[in-house]
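Asker: Structure file protein.cif (mmCIF, C-alpha atoms) is given on the next line.
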data_work
loop_
_atom_site.label_atom_id
_atom_site.label_comp_id
_atom_site.auth_asym_id
_atom_site.auth_seq_id
_atom_site.Cartn_x
_atom_site.Cartn_y
_atom_site.Cartn_z
CA THR A 177 24.32 -56.70 88.65
CA SER A 178 27.74 -58.37 88.53
CA LEU A 179 29.88 -58.25 85.42
CA HIS A 180 30.04 -62.05 85.50
CA LEU A 181 26.25 -62.32 85.35
CA THR A 182 26.10 -59.74 82.55
CA LEU A 183 28.52 -61.73 80.41
CA GLU A 184 27.34 -65.22 81.29
CA ASP A 185 23.58 -64.63 81.43
CA PRO A 186 22.67 -61.21 79.99
CA ASP A 187 18.93 -62.00 80.00
CA SER A 188 18.93 -62.55 83.77
CA ALA A 189 21.17 -59.52 84.26
CA GLU A 190 18.73 -57.43 82.23
CA LYS A 191 15.79 -58.43 84.46
CA VAL A 192 17.71 -57.48 87.59
CA ALA A 193 18.91 -54.16 86.17
CA ILE A 194 15.49 -53.22 84.81
CA ARG A 195 14.00 -53.73 88.29
CA ARG A 196 16.82 -51.77 89.93
CA LEU A 197 16.66 -48.63 87.74
CA PRO A 198 13.22 -47.31 88.84
CA ILE A 199 14.09 -48.02 92.49
CA VAL A 200 17.21 -45.86 92.25
CA GLU A 201 15.31 -43.17 90.31
CA LYS A 202 12.53 -43.08 92.90
CA HIS A 203 14.97 -42.84 95.80
CA PHE A 204 17.34 -40.21 94.38
CA GLY A 205 15.35 -38.60 91.56
CA SER A 206 15.69 -39.38 87.86
CA GLU A 207 18.32 -36.65 87.31
CA HIS A 208 20.56 -37.58 90.22
CA LEU A 209 24.12 -38.71 89.64
CA GLU A 210 23.46 -42.06 91.35
CA VAL A 211 21.17 -43.01 88.46
CA ALA A 212 24.14 -43.00 86.07
CA GLU A 213 25.40 -46.33 87.45
CA PRO A 214 22.30 -48.45 86.68
CA LEU A 215 22.00 -46.69 83.31
CA SER A 216 25.58 -47.65 82.43
CA GLU A 217 24.85 -51.16 83.66
CA LEU A 218 21.89 -51.49 81.30
CA SER A 219 23.96 -50.04 78.49
CA LEU A 220 26.58 -52.75 78.99
CA ILE A 221 23.95 -55.49 79.14
CA TYR A 222 22.38 -54.42 75.85
CA PHE A 223 25.84 -54.09 74.30
CA VAL A 224 26.59 -57.71 75.24
CA LYS A 225 23.23 -58.71 73.75
CA GLY A 226 24.02 -56.86 70.52
CA ASP A 227 21.16 -54.38 70.96
CA TYR A 228 23.29 -51.34 70.19
CA GLU A 229 20.38 -48.90 69.82
CA ARG A 230 19.21 -49.41 73.38
CA SER A 231 22.78 -49.65 74.62
CA GLU A 232 23.51 -46.23 73.14
CA ALA A 233 20.32 -44.70 74.53
CA TYR A 234 21.15 -45.74 78.10
CA GLN A 235 24.79 -44.68 77.73
CA VAL A 236 23.81 -41.23 76.44
CA ARG A 237 21.60 -40.73 79.50
CA ALA A 238 24.36 -41.91 81.84
CA LEU A 239 26.85 -39.56 80.18
CA GLU A 240 24.47 -36.61 80.56
CA LEU A 241 24.08 -37.27 84.28
CA LEU A 242 27.84 -37.65 84.76
CA SER A 243 28.52 -34.43 82.87
CA LYS A 244 26.07 -32.52 85.08
CA GLY A 245 26.62 -34.20 88.42
CA ALA A 246 30.35 -35.00 88.38
CA PRO A 247 32.09 -32.73 85.87
CA ASP A 248 35.35 -33.02 87.83
CA ASP A 249 35.40 -36.82 87.80
CA LYS A 250 37.48 -36.87 84.65
CA VAL A 251 38.31 -40.57 84.69
CA ALA A 252 34.62 -41.53 84.89
CA LEU A 253 33.79 -39.06 82.12
CA ALA A 254 36.53 -40.46 79.89
CA GLU A 255 35.20 -43.98 80.40
CA ALA A 256 31.64 -42.82 79.64
CA PHE A 257 32.68 -41.07 76.42
CA SER A 258 34.78 -44.07 75.46
CA SER A 259 31.89 -46.47 76.03
CA LEU A 260 29.61 -44.36 73.85
CA GLY A 261 32.18 -44.37 71.06
CA VAL A 262 32.68 -48.13 71.29
CA ILE A 263 28.91 -48.72 71.14
CA ARG A 264 28.58 -46.58 68.02
CA SER A 265 31.57 -48.26 66.39
CA ALA A 266 30.08 -51.69 67.07
CA ASN A 267 26.90 -50.48 65.38
CA GLY A 268 28.87 -49.32 62.33
CA GLU A 269 28.28 -45.64 63.11
CA PHE A 270 31.91 -44.62 62.75
CA SER A 271 31.25 -40.97 61.96
CA SER A 272 29.31 -40.39 65.17
CA ALA A 273 31.74 -42.59 67.13
CA THR A 274 34.67 -40.30 66.40
CA ALA A 275 33.66 -37.35 68.60
CA PRO A 276 33.17 -39.25 71.89
CA LEU A 277 36.34 -41.27 71.34
CA GLU A 278 38.30 -38.08 70.64
CA ARG A 279 36.84 -36.51 73.77
CA ALA A 280 37.81 -39.56 75.86
CA SER A 281 41.40 -39.27 74.62
CA GLU A 282 41.45 -35.52 75.30
CA ILE A 283 40.27 -36.01 78.88
CA ARG A 284 42.87 -38.72 79.50
CA GLN A 285 45.54 -36.31 78.26
CA GLU A 286 44.24 -33.61 80.62
CA VAL A 287 44.44 -35.81 83.71
CA GLY A 288 47.67 -37.63 82.85
CA ASP A 289 45.89 -40.90 82.08
CA SER A 290 47.14 -41.16 78.51
CA GLU A 291 49.66 -43.99 78.97
CA THR A 292 47.29 -46.65 80.26
CA LEU A 293 45.70 -49.67 78.59
CA ALA A 294 42.38 -47.83 78.67
CA ALA A 295 43.99 -45.01 76.68
CA ALA A 296 45.47 -47.53 74.22
CA ARG A 297 42.03 -49.09 73.84
CA ASP A 298 40.49 -45.70 73.02
CA LEU A 299 43.21 -44.97 70.46
CA ALA A 300 42.64 -48.34 68.80
CA HIS A 301 38.89 -47.76 68.52
CA LEU A 302 39.49 -44.23 67.26
CA ALA A 303 41.88 -45.61 64.64
CA THR A 304 39.14 -47.94 63.40
CA ALA A 305 36.74 -45.00 63.14
CA TYR A 306 39.33 -42.96 61.24
CA SER A 307 40.21 -45.79 58.85
CA SER A 308 36.53 -46.32 58.02
CA ARG A 309 36.44 -42.67 56.94
CA MET A 310 39.64 -43.12 54.88
CA ASN A 311 41.77 -41.04 57.24
CA LEU A 312 44.48 -43.65 56.84
CA ALA A 313 47.54 -41.66 57.94
CA GLU A 314 45.80 -40.54 61.13
CA ALA A 315 44.58 -44.07 61.83
CA GLU A 316 48.06 -45.50 61.35
CA GLY A 317 49.53 -42.89 63.70
CA LEU A 318 46.98 -43.63 66.41
CA LEU A 319 47.64 -47.35 66.16
CA GLY A 320 51.35 -46.69 66.48
CA LYS A 321 50.66 -44.82 69.71
CA ALA A 322 48.39 -47.59 70.99
CA LEU A 323 51.04 -50.21 70.27
CA GLY A 324 53.71 -48.11 71.97
CA ILE A 325 51.62 -47.84 75.14
CA ARG A 326 50.85 -51.55 75.06
CA GLN A 327 54.50 -52.50 74.66
CA ALA A 328 55.63 -50.08 77.39
CA LEU A 329 53.18 -51.69 79.81
CA GLY A 330 54.19 -55.21 78.83
CA ALA A 331 50.62 -56.03 77.81
CA ASN A 332 50.14 -58.92 75.43
CA ARG A 333 46.37 -59.19 75.37
CA ASP A 334 45.00 -56.27 73.46
CA ALA A 335 42.16 -57.41 71.23
CA GLU A 336 41.09 -53.86 70.41
CA THR A 337 44.49 -52.99 68.93
CA ALA A 338 44.72 -56.25 66.97
CA THR A 339 41.23 -55.75 65.56
CA ALA A 340 41.97 -52.14 64.65
CA LEU A 341 45.18 -53.18 62.88
CA ASN A 342 43.27 -55.78 60.90
CA ASN A 343 40.56 -53.27 59.99
CA LEU A 344 43.14 -50.71 58.92
CA GLY A 345 44.82 -53.37 56.80
CA GLU A 346 41.52 -54.11 55.08
CA THR A 347 41.06 -50.41 54.36
CA PHE A 348 44.58 -50.09 52.92
CA ARG A 349 43.92 -53.12 50.73
CA SER A 350 40.60 -51.74 49.49
CA GLN A 351 42.45 -48.57 48.49
CA GLY A 352 44.93 -50.55 46.40
CA LEU A 353 47.75 -50.34 48.94
CA PRO A 354 48.61 -54.00 49.59
CA SER A 355 52.11 -53.35 50.94
CA GLN A 356 50.76 -51.08 53.70
CA ALA A 357 47.96 -53.58 54.31
CA GLU A 358 50.52 -56.36 54.74
CA GLN A 359 52.26 -54.44 57.53
CA GLN A 360 49.01 -54.01 59.46
CA PHE A 361 47.98 -57.65 59.06
CA ARG A 362 51.39 -58.91 60.25
CA GLN A 363 51.17 -56.79 63.40
CA SER A 364 47.62 -57.99 64.02
CA ILE A 365 48.72 -61.62 63.65
CA ARG A 366 51.56 -61.16 66.14
CA ILE A 367 49.20 -59.74 68.76
CA TRP A 368 46.55 -62.43 68.23
CA GLU A 369 49.17 -65.17 68.47
CA GLU A 370 50.40 -63.71 71.77
CA ALA A 371 46.92 -63.13 73.13
CA ALA A 372 44.98 -66.17 71.94
CA GLY A 373 47.30 -68.58 70.18
CA ALA A 374 48.30 -69.45 66.63
CA ASP A 375 45.17 -71.54 66.04
CA HIS A 376 42.63 -68.95 67.22
CA LEU A 377 39.93 -67.87 64.77
CA GLU A 378 40.97 -64.21 64.94
CA THR A 379 44.53 -65.22 64.09
CA ALA A 380 43.20 -67.18 61.12
CA ILE A 381 41.15 -64.22 59.92
CA SER A 382 44.17 -61.93 59.93
CA LEU A 383 46.28 -64.66 58.29
CA ASN A 384 43.71 -65.00 55.54
CA ASN A 385 43.68 -61.25 55.03
CA LEU A 386 47.49 -61.28 54.89
CA ALA A 387 47.29 -63.92 52.16
CA GLY A 388 45.01 -61.61 50.19
CA ALA A 389 47.47 -58.72 50.50
CA LEU A 390 50.33 -60.97 49.40
CA GLN A 391 48.28 -62.22 46.47
CA ASP A 392 47.62 -58.61 45.43
CA GLN A 393 51.42 -58.21 45.26
CA GLN A 394 51.69 -61.38 43.12
CA ARG A 395 53.60 -63.13 45.91
CA TYR A 396 51.58 -66.27 45.35
CA ARG A 397 53.78 -68.81 47.13
CA GLU A 398 53.82 -66.73 50.35
CA ALA A 399 50.07 -66.17 50.00
CA GLU A 400 49.53 -69.90 49.61
CA GLN A 401 51.50 -70.64 52.78
CA ALA A 402 49.59 -68.05 54.85
CA MET A 403 46.24 -69.25 53.54
CA LYS A 404 47.14 -72.88 54.23
CA LYS A 405 47.69 -72.01 57.90
CA SER A 406 44.42 -70.09 58.12
CA LEU A 407 42.51 -72.90 56.41
CA ALA A 408 43.80 -75.45 58.92
CA THR A 409 42.41 -73.32 61.75
CA PHE A 410 39.03 -72.78 60.06
CA ARG A 411 38.70 -76.53 59.55
CA LYS A 412 39.63 -77.19 63.16
CA ARG A 413 37.47 -74.49 64.73
CA LEU A 414 34.48 -74.31 62.40
CA GLY A 415 34.48 -77.69 60.72
CA PRO A 416 35.07 -78.67 57.08
CA ASP A 417 31.53 -77.84 55.91
CA HIS A 418 31.19 -74.38 57.45
CA PRO A 419 30.55 -71.64 54.82
CA LYS A 420 33.65 -69.70 55.90
CA THR A 421 35.81 -72.83 55.64
CA LEU A 422 34.46 -73.57 52.18
CA GLU A 423 35.09 -69.98 51.12
CA VAL A 424 38.74 -70.23 52.21
CA VAL A 425 39.03 -73.60 50.43
CA ARG A 426 38.03 -71.88 47.19
CA GLN A 427 40.47 -69.03 47.84
CA TYR A 428 43.24 -71.50 48.60
CA ASP A 429 42.56 -73.40 45.39
CA VAL A 430 42.88 -70.17 43.36
CA VAL A 431 46.12 -69.00 44.99
CA SER A 432 47.64 -72.50 44.76
CA ARG A 433 46.98 -72.60 41.03
CA LEU A 434 48.46 -69.13 40.64
CA ALA A 435 51.56 -70.20 42.58
CA VAL A 436 52.02 -73.26 40.37
CA ALA A 437 51.44 -71.31 37.16
CA THR A 438 53.89 -68.59 38.20
CA ALA A 439 56.56 -71.13 39.12
CA ALA A 440 56.11 -72.95 35.81
CA ALA A 441 56.58 -69.70 33.86
CA LEU A 442 59.91 -68.87 35.51
CA PRO A 443 63.28 -69.65 33.93
CA PRO A 444 65.05 -72.75 35.33
CA GLY A 445 66.77 -72.06 38.64
CA SER A 446 64.56 -69.06 39.51
CA SER A 447 62.35 -68.99 42.60
CA ALA A 448 58.69 -68.02 42.58
CA PRO A 449 57.59 -64.99 44.64
#
Would it be possible to restate this file's structure as structure tokens?
Answerer:
Amino acid sequence: TSLHLTLEDPDSAEKVAIRRLPIVEKHFGSEHLEVAEPLSELSLIYFVKGDYERSEAYQVRALELLSKGAPDDKVALAEAFSSLGVIRSANGEFSSATAPLERASEIRQEVGDSETLAAARDLAHLATAYSSRMNLAEAEGLLGKALGIRQALGANRDAETATALNNLGETFRSQGLPSQAEQQFRQSIRIWEEAAGADHLETAISLNNLAGALQDQQRYREAEQAMKKSLATFRKRLGPDHPKTLEVVRQYDVVSRLAVATAAALPPGSSAP
């Protein structure tokens, strides 16, 4: 099954892959290494479809066969561990995602594959898992490494890192650390703007989160400006009546009133934060 078919028409890809698996199992035996490929294929298909339970089940089987049949193929093993971690993260199972992601990073270190975009991707996913468990210092360090790799390779399209930065920012903010959250959101915005453009939805989401962090610091005028930009994108991309757009409208109204009230309370000649 081609990757294009999997992404464009996962239902058709599923039918093809489901037919292929028993053929490969019958020819080679269900425990043969060759079976790992169609298992991984099915795992990807169900991941694209959002069926993370089945995706994980097929990936676990594929990983078992790779571990037994090709223990020296370190690159393939790292990818298999990484895929399992990503699946579990997507399903919100961050605790169980940590171990396979850590193992993927360890293997890449062992084989000298630790300065690639794949390695940066693993570090970004691992950072998200760590931040969800409140290991904020470790998560921040991993993201710093991921960003360093990305910059060294001249890569400007790294959605995993941008998403992890945004998630870490949300965790910092929930812990009452808006200044640290602001730093993460600003980095996420820069990456999304490079990768997808200033009016992309992901850029708007990070901008809106930045506005929240600025509001937490009582920097209402800056928050208003950031939220105004995000609101323009939500209106353009989702429409004026979408629930998310209406939610941001309400948020913008609150921060605008706070900005006006703060400015009015300042002595003449002073500038509002």
Asker: Do a neighbour search on A:Lys191 at 12 Å with all atoms listed in the file, toss out local chain neighbours closer than 3 positions, and write the hits as a list of chain:residue names.
Answerer: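 With the cut-off at 12 Å, the set is A:Thr177, A:Leu181, A:Thr182, A:Asp185, A:Pro186, A:Asp187, A:Ser188, A:Ile194, A:Arg195, A:Arg196, A:Leu197, A:Glu217, A:Leu218, A:Ile221, A:Tyr222.
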Asker: Taking only C-alpha atoms into account, which of A:Val211, A:Ala374, A:Leu386, A:Ala338 comes nearest A:Pro354?
Answerer: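 Among A:Val211, A:Ala374, A:Leu386, A:Ala338, it is A:Leu386 that comes nearest to A:Pro354.
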Asker: For the atom pair atom CA of A:Val431 and atom CA of A:Gly388, what is the interatomic distance in Å to one decimal place?
Answerer: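 Going from atom CA of A:Val431 over to atom CA of A:Gly388, I get 9.1 Å.
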Asker: So how many Å separate atom CA of A:Ala300 and atom CA of A:Arg230, to one decimal?
Answerer: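 Between atom CA of A:Ala300 and atom CA of A:Arg230 the gap is 23.9 Å.
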Asker: Provide the atom CA of A:Glu278 to atom CA of A:Glu240 distance in Å, to one decimal place.
Answerer: 17.1 Å
Asker: Once the PyMOL selection byres ((chain A and resi 233) around 10) has been evaluated on this model, what residues remain selected, and can you format them as a compact mmCIF listing (two decimals) with C-alpha atoms, in the coordinates of the input?
Answerer:
# COMPACT_ATOMS: atom_id res chain seq x y z
CA LEU A 215 22.00 -46.69 83.31
CA SER A 216 25.58 -47.65 82.43
CA LEU A 218 21.89 -51.49 81.30
CA SER A 219 23.96 -50.04 78.49
CA TYR A 228 23.29 -51.34 70.19
CA GLU A 229 20.38 -48.90 69.82
CA ARG A 230 19.21 -49.41 73.38
CA SER A 231 22.78 -49.65 74.62
CA GLU A 232 23.51 -46.23 73.14
CA TYR A 234 21.15 -45.74 78.10
CA GLN A 235 24.79 -44.68 77.73
CA VAL A 236 23.81 -41.23 76.44
CA ARG A 237 21.60 -40.73 79.50
CA ALA A 238 24.36 -41.91 81.84
CA LEU A 260 29.61 -44.36 73.85
Asker: Out of A:Ala322, A:Ala305, A:Ala296, A:Ala246, which residue has the shortest atom-to-atom distance to A:Asn267 when counting all atoms listed in the file?
Answerer: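 Comparing A:Ala322, A:Ala305, A:Ala296, A:Ala246 against A:Asn267, the winner is A:Ala305.
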Asker: Name every residue that the PyMOL selection byres ((chain A and resi 358) around 12) selects in this structure, writing the answer as an mmCIF file with C-alpha atoms, in the frame of the given file with chains first and numbers rising.
Answerer:
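Final file, part26.cif:
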data_model
loop_
_atom_site.group_PDB
_atom_site.id
_atom_site.type_symbol
_atom_site.label_atom_id
_atom_site.label_comp_id
_atom_site.auth_asym_id
_atom_site.auth_seq_id
_atom_site.Cartn_x
_atom_site.Cartn_y
_atom_site.Cartn_z
ATOM 1 C CA LEU A 341 45.180 -53.180 62.880
ATOM 2 C CA ASN A 342 43.270 -55.780 60.900
ATOM 3 C CA ASN A 343 40.560 -53.270 59.990
ATOM 4 C CA LEU A 344 43.140 -50.710 58.920
ATOM 5 C CA GLY A 345 44.820 -53.370 56.800
ATOM 6 C CA GLU A 346 41.520 -54.110 55.080
ATOM 7 C CA THR A 347 41.060 -50.410 54.360
ATOM 8 C CA PHE A 348 44.580 -50.090 52.920
ATOM 9 C CA ARG A 349 43.920 -53.120 50.730
ATOM 10 C CA GLY A 352 44.930 -50.550 46.400
ATOM 11 C CA LEU A 353 47.750 -50.340 48.940
ATOM 12 C CA PRO A 354 48.610 -54.000 49.590
ATOM 13 C CA SER A 355 52.110 -53.350 50.940
ATOM 14 C CA GLN A 356 50.760 -51.080 53.700
ATOM 15 C CA ALA A 357 47.960 -53.580 54.310
ATOM 16 C CA GLN A 359 52.260 -54.440 57.530
ATOM 17 C CA GLN A 360 49.010 -54.010 59.460
ATOM 18 C CA PHE A 361 47.980 -57.650 59.060
ATOM 19 C CA ARG A 362 51.390 -58.910 60.250
ATOM 20 C CA GLN A 363 51.170 -56.790 63.400
ATOM 21 C CA SER A 364 47.620 -57.990 64.020
ATOM 22 C CA ILE A 365 48.720 -61.620 63.650
ATOM 23 C CA SER A 382 44.170 -61.930 59.930
ATOM 24 C CA LEU A 383 46.280 -64.660 58.290
ATOM 25 C CA ASN A 384 43.710 -65.000 55.540
ATOM 26 C CA ASN A 385 43.680 -61.250 55.030
ATOM 27 C CA LEU A 386 47.490 -61.280 54.890
ATOM 28 C CA ALA A 387 47.290 -63.920 52.160
ATOM 29 C CA GLY A 388 45.010 -61.610 50.190
ATOM 30 C CA ALA A 389 47.470 -58.720 50.500
ATOM 31 C CA LEU A 390 50.330 -60.970 49.400
ATOM 32 C CA GLN A 391 48.280 -62.220 46.470
ATOM 33 C CA ASP A 392 47.620 -58.610 45.430
ATOM 34 C CA GLN A 393 51.420 -58.210 45.260
ATOM 35 C CA ARG A 395 53.600 -63.130 45.910
ATOM 36 C CA GLU A 398 53.820 -66.730 50.350
ATOM 37 C CA ALA A 399 50.070 -66.170 50.000
ATOM 38 C CA ALA A 402 49.590 -68.050 54.850
#
Asker: Taking every listed atom of stretch 399-409 of chain A and adding 4 Å to each side, what centre and edge lengths in Å (one decimal) does the axis-aligned box have, as AutoDock Vina command-line options?
Answerer:
--center_x 47.0 --center_y -70.8 --center_z 55.7 --size_x 17.1 --size_y 17.3 --size_z 20.1
Asker: On this structure, which residues satisfy the PyMOL selection byres ((chain A and resi 320) around 10), written as JSON, numbers by chain?
Answerer: {"A": [296, 299, 300, 303, 314, 315, 316, 317, 318, 319, 321, 322, 323, 324, 325, 326, 337, 341]}
Asker: Determine the nearest neighbour of A:Arg397 from the options A:Ala372, A:Ala380, A:Ala435, A:Arg426, counting all atoms listed in the file.
Answerer: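 Under the stated criterion, the closest residue is A:Ala435.
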Asker: Choose the residue, out of A:Thr274, A:Ser432, A:Ser243, A:Thr379, that has the smallest atom-to-atom separation from A:Leu209; count only C-alpha atoms.
Answerer: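 Using only C-alpha atoms, the shortest distance to A:Leu209 belongs to A:Ser243.
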